file query-v2.pdb (PDB, C-alpha atoms)
ATOM      1  CA  MET A 633      15.704  -0.804   6.489
ATOM      2  CA  ASN A 634      12.553  -2.830   5.811
ATOM      3  CA  ASP A 635      11.849  -6.079   7.594
ATOM      4  CA  VAL A 636      10.372  -8.898   5.556
ATOM      5  CA  ILE A 637       6.782  -9.701   6.508
ATOM      6  CA  ILE A 638       6.150 -13.441   6.700
ATOM      7  CA  LEU A 639       2.900 -14.606   5.080
ATOM      8  CA  ASN A 640       1.349 -18.072   5.005
ATOM      9  CA  ASP A 641      -1.923 -19.722   3.986
ATOM     10  CA  ASN A 642      -3.408 -19.237   7.474
ATOM     11  CA  LEU A 643      -3.476 -15.494   6.743
ATOM     12  CA  LEU A 644      -5.104 -15.850   3.293
ATOM     13  CA  ILE A 645      -8.360 -13.875   2.985
ATOM     14  CA  ASN A 646      -9.143 -14.176  -0.706
ATOM     15  CA  GLU A 647      -7.642 -14.906  -4.085
ATOM     16  CA  GLY A 648      -8.238 -13.284  -7.444
ATOM     17  CA  ALA A 649      -6.938 -13.960 -10.927
ATOM     18  CA  THR A 650      -3.664 -12.073 -10.442
ATOM     19  CA  ARG A 651      -3.202 -11.674  -6.674
ATOM     20  CA  LYS A 652      -3.716 -13.223  -3.271
ATOM     21  CA  CYS A 653      -4.904 -11.114  -0.356
ATOM     22  CA  TYR A 654      -3.594 -11.822   3.156
ATOM     23  CA  ARG A 655      -4.314 -10.417   6.612
ATOM     24  CA  HIS A 656      -1.356  -8.336   7.737
ATOM     25  CA  PRO A 657       0.270 -10.380  10.525
ATOM     26  CA  LEU A 658       1.492  -7.265  12.362
ATOM     27  CA  ASP A 659      -1.467  -4.910  11.849
ATOM     28  CA  SER A 660      -5.053  -6.184  12.073
ATOM     29  CA  THR A 661      -6.368  -3.077  10.283
ATOM     30  CA  LYS A 662      -4.475  -3.881   7.075
ATOM     31  CA  CYS A 663      -4.199  -6.504   4.373
ATOM     32  CA  LEU A 664      -1.442  -7.346   1.920
ATOM     33  CA  LYS A 665      -2.025  -8.045  -1.778
ATOM     34  CA  VAL A 666       0.707 -10.157  -3.372
ATOM     35  CA  ALA A 667       0.972 -10.747  -7.130
ATOM     36  CA  LYS A 668       0.854 -14.426  -8.064
ATOM     37  CA  ASN A 669       3.505 -14.225 -10.771
ATOM     38  CA  ASN A 670       5.681 -11.299  -9.638
ATOM     39  CA  SER A 671       4.001  -9.047 -12.198
ATOM     40  CA  ALA A 672       3.766  -5.273 -11.933
ATOM     41  CA  VAL A 673       0.075  -5.260 -10.920
ATOM     42  CA  ASN A 674       0.798  -3.849  -7.459
ATOM     43  CA  GLU A 675       2.848  -0.990  -8.882
ATOM     44  CA  GLN A 676       0.010  -0.262 -11.351
ATOM     45  CA  ASP A 677      -2.541  -0.363  -8.533
ATOM     46  CA  LEU A 678      -0.462   1.986  -6.353
ATOM     47  CA  GLN A 679      -0.003   4.469  -9.214
ATOM     48  CA  ALA A 680      -3.735   4.375  -9.944
ATOM     49  CA  TYR A 681      -4.526   4.907  -6.242
ATOM     50  CA  GLN A 682      -2.318   7.992  -6.105
ATOM     51  CA  ARG A 683      -4.149   9.379  -9.130
ATOM     52  CA  VAL A 684      -7.740   8.603  -8.117
ATOM     53  CA  GLN A 685      -7.676   8.829  -4.310
ATOM     54  CA  PRO A 686      -8.655  12.525  -4.182
ATOM     55  CA  LEU A 687     -11.622  11.815  -6.474
ATOM     56  CA  LEU A 688     -12.816   8.468  -5.094
ATOM     57  CA  ARG A 689     -11.821   8.586  -1.429
ATOM     58  CA  ASN A 690     -15.320   7.507  -0.318
ATOM     59  CA  HIS A 691     -15.367   4.552  -2.736
ATOM     60  CA  ILE A 692     -11.937   2.942  -2.275
ATOM     61  CA  ALA A 693      -9.905   1.462   0.554
ATOM     62  CA  GLY A 694      -6.897   3.326   1.886
ATOM     63  CA  TYR A 695      -3.423   2.315   0.668
ATOM     64  CA  GLU A 696       0.046   2.863   2.074
ATOM     65  CA  ASP A 697       2.268   4.904  -0.228
ATOM     66  CA  ARG A 698       4.830   2.160  -0.867
ATOM     67  CA  LEU A 699       4.988  -1.596  -1.345
ATOM     68  CA  ALA A 700       6.049  -3.861   1.524
ATOM     69  CA  ASP A 701       8.573  -6.695   1.366
ATOM     70  CA  THR A 702       7.154 -10.148   2.143
ATOM     71  CA  ASN A 703       8.479 -13.677   1.855
ATOM     72  CA  LEU A 704       6.159 -14.027  -1.175
ATOM     73  CA  GLY A 705       7.305 -10.867  -2.952
ATOM     74  CA  LYS A 706       6.353  -7.192  -2.937
ATOM     75  CA  ALA A 707       2.919  -6.506  -1.461
ATOM     76  CA  LEU A 708       0.444  -3.687  -1.709
ATOM     77  CA  VAL A 709      -0.571  -2.643   1.817
ATOM     78  CA  CYS A 710      -4.260  -1.720   2.038
ATOM     79  CA  GLU A 711      -6.888  -0.987   4.615
ATOM     80  CA  LEU A 712      -8.665  -4.213   5.593
ATOM     81  CA  ILE A 713     -12.369  -3.528   5.158
ATOM     82  CA  ARG A 714     -14.294  -5.027   8.073
ATOM     83  CA  ASP A 715     -17.963  -5.157   9.002
ATOM     84  CA  ASP A 716     -19.112  -3.710  12.315
ATOM     85  CA  GLU A 717     -18.724  -7.198  13.843
ATOM     86  CA  GLY A 718     -15.007  -7.146  12.977
ATOM     87  CA  ASN A 719     -15.100  -9.756  10.190
ATOM     88  CA  PRO A 720     -13.578  -9.020   6.779
ATOM     89  CA  SER A 721     -16.334  -7.653   4.553
ATOM     90  CA  ALA A 722     -17.715  -9.823   1.751
ATOM     91  CA  SER A 723     -17.390  -9.158  -1.958
ATOM     92  CA  PHE A 724     -20.422  -8.129  -3.983
ATOM     93  CA  ALA A 725     -20.238 -11.578  -5.640
ATOM     94  CA  GLU A 726     -20.729 -13.179  -2.208
ATOM     95  CA  TYR A 727     -23.469 -10.671  -1.384
ATOM     96  CA  ARG A 728     -25.411 -11.613  -4.552
ATOM     97  CA  ARG A 729     -25.166 -15.322  -3.774
ATOM     98  CA  SER A 730     -27.065 -14.738  -0.524
ATOM     99  CA  ASN A 731     -29.397 -11.900  -1.616
ATOM    100  CA  ASP A 732     -32.057 -12.102  -4.335
ATOM    101  CA  SER A 733     -32.071  -8.360  -4.823
ATOM    102  CA  VAL A 734     -29.826  -5.376  -4.180
ATOM    103  CA  GLU A 735     -30.782  -2.972  -1.397
ATOM    104  CA  GLU A 736     -31.832   0.462  -2.633
ATOM    105  CA  ASN A 737     -29.058   2.165  -0.643
ATOM    106  CA  LEU A 738     -26.451  -0.098  -2.249
ATOM    107  CA  ALA A 739     -27.884   0.340  -5.761
ATOM    108  CA  SER A 740     -27.676   4.102  -5.194
ATOM    109  CA  GLN A 741     -24.011   3.812  -4.202
ATOM    110  CA  PHE A 742     -23.263   1.827  -7.369
ATOM    111  CA  ALA A 743     -25.023   4.520  -9.433
ATOM    112  CA  HIS A 744     -22.977   7.242  -7.711
ATOM    113  CA  PHE A 745     -19.711   5.336  -8.218
ATOM    114  CA  PHE A 746     -20.436   4.672 -11.904
ATOM    115  CA  ASP A 747     -21.479   8.297 -12.448
ATOM    116  CA  LYS A 748     -18.320   9.536 -10.719
ATOM    117  CA  ILE A 749     -15.887   7.392 -12.727
ATOM    118  CA  SER A 750     -17.701   8.378 -15.948
ATOM    119  CA  ARG A 751     -17.660  12.105 -15.169
ATOM    120  CA  GLU A 752     -14.005  12.054 -14.098
ATOM    121  CA  ASN A 753     -12.917   9.887 -17.067
ATOM    122  CA  LEU A 754     -11.583   7.191 -14.753
ATOM    123  CA  PHE A 755     -11.658   4.254 -17.118
ATOM    124  CA  PHE A 756     -11.860   1.175 -14.896
ATOM    125  CA  TYR A 757     -12.620  -1.739 -17.176
ATOM    126  CA  ASP A 758     -12.571  -4.619 -14.679
ATOM    127  CA  LEU A 759     -16.034  -4.145 -13.203
ATOM    128  CA  ASN A 760     -16.167  -7.611 -11.699
ATOM    129  CA  PRO A 761     -18.462  -8.303  -8.692
ATOM    130  CA  LYS A 762     -15.447  -9.705  -6.823
ATOM    131  CA  ASN A 763     -13.762  -6.298  -7.108
ATOM    132  CA  PHE A 764     -16.460  -4.592  -5.026
ATOM    133  CA  ILE A 765     -16.605  -5.056  -1.250
ATOM    134  CA  ILE A 766     -19.816  -4.575   0.719
ATOM    135  CA  GLN A 767     -19.038  -3.354   4.213
ATOM    136  CA  ARG A 768     -21.898  -4.002   6.649
ATOM    137  CA  THR A 769     -22.265  -1.104   9.076
ATOM    138  CA  SER A 770     -24.946   0.044  11.487
ATOM    139  CA  GLU A 771     -25.830   2.777   8.944
ATOM    140  CA  GLY A 772     -26.310   0.196   6.198
ATOM    141  CA  PRO A 773     -24.052  -1.260   3.507
ATOM    142  CA  ARG A 774     -21.061   0.684   2.183
ATOM    143  CA  LEU A 775     -19.674   0.028  -1.309
ATOM    144  CA  ILE A 776     -15.894  -0.080  -1.821
ATOM    145  CA  TYR A 777     -14.065  -0.727  -5.110
ATOM    146  CA  THR A 778     -10.837  -2.671  -4.595
ATOM    147  CA  ASP A 779      -9.141  -3.235  -7.957
ATOM    148  CA  LEU A 780      -7.544  -0.059  -9.228
ATOM    149  CA  LYS A 781      -4.968  -1.744 -11.468
ATOM    150  CA  SER A 782      -7.432  -1.816 -14.375
ATOM    151  CA  LEU A 783      -7.418   1.989 -14.676
ATOM    152  CA  GLY A 784      -6.962   2.665 -18.379
ATOM    153  CA  LYS A 785      -5.831  -0.912 -19.045
ATOM    154  CA  THR A 786      -7.284  -2.898 -21.884
ATOM    155  CA  ARG A 787      -6.857  -6.428 -23.140
ATOM    156  CA  THR A 788      -7.549  -5.605 -26.779
ATOM    157  CA  LEU A 789      -4.761  -5.590 -29.351
ATOM    158  CA  VAL A 790      -5.924  -2.299 -30.844
ATOM    159  CA  ALA A 791      -5.818   0.260 -28.077
ATOM    160  CA  LEU A 792      -8.788   2.360 -29.195
ATOM    161  CA  GLU A 793      -9.421   2.997 -25.493
ATOM    162  CA  LYS A 794      -6.564   5.525 -25.607
ATOM    163  CA  ILE A 795      -8.951   7.772 -27.578
ATOM    164  CA  PRO A 796     -11.348   9.425 -25.077
ATOM    165  CA  PHE A 797     -14.506   8.829 -27.149
ATOM    166  CA  PHE A 798     -13.827   5.099 -27.409
ATOM    167  CA  ALA A 799     -12.715   4.851 -23.787
ATOM    168  CA  LYS A 800     -15.936   6.489 -22.619
ATOM    169  CA  THR A 801     -18.000   4.255 -24.916
ATOM    170  CA  LYS A 802     -16.298   1.119 -23.611
ATOM    171  CA  LEU A 803     -16.771   2.217 -19.992
ATOM    172  CA  ARG A 804     -20.481   2.928 -20.594
ATOM    173  CA  ARG A 805     -20.862  -0.546 -22.121
ATOM    174  CA  ARG A 806     -19.126  -2.172 -19.148
ATOM    175  CA  ILE A 807     -21.266  -0.231 -16.660
ATOM    176  CA  SER A 808     -24.441  -1.101 -18.555
ATOM    177  CA  ARG A 809     -23.492  -4.783 -18.654
ATOM    178  CA  PHE A 810     -22.692  -4.786 -14.916
ATOM    179  CA  LYS A 811     -26.037  -3.158 -14.071
ATOM    180  CA  ARG A 812     -27.948  -5.569 -16.285
ATOM    181  CA  ARG A 813     -26.210  -8.653 -14.906
ATOM    182  CA  PHE A 814     -25.899  -7.843 -11.225
ATOM    183  CA  LEU A 815     -28.112  -4.942 -10.181
ATOM    184  CA  HIS A 816     -31.340  -5.555 -12.108
ATOM    185  CA  SER A 817     -31.559  -9.324 -12.186
ATOM    186  CA  ALA A 818     -32.667 -11.879  -9.687
ATOM    187  CA  LYS A 819     -30.093 -14.345  -8.389
TER     188      LYS A 819
END
call {"tool": "encode", "arguments": {"input": "query-v2.pdb", "output": "structure tokens"}}
result
Amino acid sequence: MNDVIILNDNLLINEGATRKCYRHPLDSTKCLKVAKNNSAVNEQDLQAYQRVQPLLRNHIAGYEDRLADTNLGKALVCELIRDDEGNPSASFAEYRRSNDSVEENLASQFAHFFDKISRENLFFYDLNPKNFIIQRTSEGPRLIYTDLKSLGKTRTLVALEKIPFFAKTKLRRRISRFKRRFLHSAK
């Protein structure tokens, strides 16, 4: 029997296009992602996590293996990424707003992540700076990708991305665009 977890705006951490992310009221090490319109995005994210976790364990947050019941609907239960000081880590979008350039260590982690998803044919198409978290640690920044629901998903009417050549080409274009916009340009 699952108890319903009560969420409210005081627990809100961040909000994206399709979900809101809340601090878990019963476990400070976790967060809850709730779909805004009761869509299947959390189920898609959980399925993607189960597929990619063995390959990307150093680049993604941990997930629980099932959705939780909340007063706002089903929620994906994830590790809450925190900096050494205990604060929730900032997105790469926030990082870029306060940094003119990207640290070499962080740029290297992006290169490794992009190389890994390309080599493993993990076609994540939503390479948005808000979908990357930068965890500040005593060893330096750590890159974490947080939006797995875009694995193999496309918004085009003609699903050419189902053909490996086109999927790889689209992913390379997205990676190139991300690097050009966010890793090689000044603020």
call {"tool": "residues_around", "arguments": {"input": "query-v2.pdb", "residues": "range 698-703 of chain A", "least_positions_apart": "6", "cutoff": "12 Å", "atoms": "all atoms listed in the file", "output": "ChimeraX atom specification"}}
result
/A:633-640,654,656-657,662-667,670,672-679,681-682,709-710
call {"tool": "residues_around", "arguments": {"input": "query-v2.pdb", "residues": "Glu771 in chain A", "least_positions_apart": "3", "cutoff": "12 Å", "atoms": "all atoms listed in the file", "output": "ChimeraX atom specification"}}
result
/A:715-716,737-738,767-768,774
call {"tool": "write_last_selection", "arguments": {"input": "query-v2.pdb", "atoms": "C-alpha atoms", "output": "mmCIF file, keeping the file's coordinate frame"}}
result
data_model
loop_
_atom_site.group_PDB
_atom_site.id
_atom_site.type_symbol
_atom_site.label_atom_id
_atom_site.label_comp_id
_atom_site.auth_asym_id
_atom_site.auth_seq_id
_atom_site.Cartn_x
_atom_site.Cartn_y
_atom_site.Cartn_z
ATOM 1 C CA ASP A 715 -17.963 -5.157 9.002
ATOM 2 C CA ASP A 716 -19.112 -3.710 12.315
ATOM 3 C CA ASN A 737 -29.058 2.165 -0.643
ATOM 4 C CA LEU A 738 -26.451 -0.098 -2.249
ATOM 5 C CA GLN A 767 -19.038 -3.354 4.213
ATOM 6 C CA ARG A 768 -21.898 -4.002 6.649
ATOM 7 C CA ARG A 774 -21.061 0.684 2.183
#
call {"tool": "residues_around", "arguments": {"input": "query-v2.pdb", "residues": "Ala693 in chain A", "least_positions_apart": "4", "cutoff": "12 Å", "atoms": "only C-alpha atoms", "output": "count of residues only"}}
result
30
call {"tool": "closest_residue", "arguments": {"input": "query-v2.pdb", "among": "A:Ala739, A:Leu644, A:Leu658, A:Leu815", "to": "Pro720 in chain A", "atoms": "only C-alpha atoms"}}
result
A:Leu644
call {"tool": "atom_distance", "arguments": {"input": "query-v2.pdb", "atom1": "CA of Thr650 in chain A", "atom2": "CA of Lys794 in chain A"}}
result
23.4 Å
call {"tool": "atom_distance", "arguments": {"input": "query-v2.pdb", "atom1": "CA of Gly648 in chain A", "atom2": "CA of Leu754 in chain A"}}
result
22.0 Å
call {"tool": "atom_distance", "arguments": {"input": "query-v2.pdb", "atom1": "CA of Ser723 in chain A", "atom2": "CA of Phe755 in chain A"}}
result
21.0 Å
call {"tool": "resolve_selection", "arguments": {"input": "query-v2.pdb", "expression": "the PyMOL selection byres ((chain A and resi 759) around 8)", "output": "PyMOL selection string"}}
result
chain A and resi 756-758+760-761+763+806-807+810
call {"tool": "closest_residue", "arguments": {"input": "query-v2.pdb", "among": "A:Ala707, A:Leu687, A:Cys653, A:Ile645", "to": "Ser671 in chain A", "atoms": "all atoms listed in the file"}}
result
A:Ala707
call {"tool": "closest_residue", "arguments": {"input": "query-v2.pdb", "among": "A:Ser740, A:Ser750, A:Ser770, A:Ser660", "to": "Asn719 in chain A", "atoms": "all atoms listed in the file"}}
result
A:Ser660
call {"tool": "residues_around", "arguments": {"input": "query-v2.pdb", "residues": "Phe814 in chain A", "least_positions_apart": "5", "cutoff": "9 Å", "atoms": "all atoms listed in the file", "output": "PyMOL selection string"}}
result
chain A and resi 725+728+733-734+761+809+819
call {"tool": "resolve_selection", "arguments": {"input": "query-v2.pdb", "expression": "the PyMOL selection byres ((chain A and resi 800) around 12)", "output": "NGL selection string"}}
result
:A and (746-747 or 749-757 or 784 or 792-799 or 801-807)
call {"tool": "write_last_selection", "arguments": {"input": "query-v2.pdb", "atoms": "C-alpha atoms", "output": "short mmCIF file (atom, residue, chain, number, x, y, z; two decimals), in the frame of the given file"}}
result
data_model
loop_
_atom_site.label_atom_id
_atom_site.label_comp_id
_atom_site.auth_asym_id
_atom_site.auth_seq_id
_atom_site.Cartn_x
_atom_site.Cartn_y
_atom_site.Cartn_z
CA PHE A 746 -20.44 4.67 -11.90
CA ASP A 747 -21.48 8.30 -12.45
CA ILE A 749 -15.89 7.39 -12.73
CA SER A 750 -17.70 8.38 -15.95
CA ARG A 751 -17.66 12.10 -15.17
CA GLU A 752 -14.00 12.05 -14.10
CA ASN A 753 -12.92 9.89 -17.07
CA LEU A 754 -11.58 7.19 -14.75
CA PHE A 755 -11.66 4.25 -17.12
CA PHE A 756 -11.86 1.18 -14.90
CA TYR A 757 -12.62 -1.74 -17.18
CA GLY A 784 -6.96 2.66 -18.38
CA LEU A 792 -8.79 2.36 -29.20
CA GLU A 793 -9.42 3.00 -25.49
CA LYS A 794 -6.56 5.52 -25.61
CA ILE A 795 -8.95 7.77 -27.58
CA PRO A 796 -11.35 9.43 -25.08
CA PHE A 797 -14.51 8.83 -27.15
CA PHE A 798 -13.83 5.10 -27.41
CA ALA A 799 -12.72 4.85 -23.79
CA THR A 801 -18.00 4.26 -24.92
CA LYS A 802 -16.30 1.12 -23.61
CA LEU A 803 -16.77 2.22 -19.99
CA ARG A 804 -20.48 2.93 -20.59
CA ARG A 805 -20.86 -0.55 -22.12
CA ARG A 806 -19.13 -2.17 -19.15
CA ILE A 807 -21.27 -0.23 -16.66
#
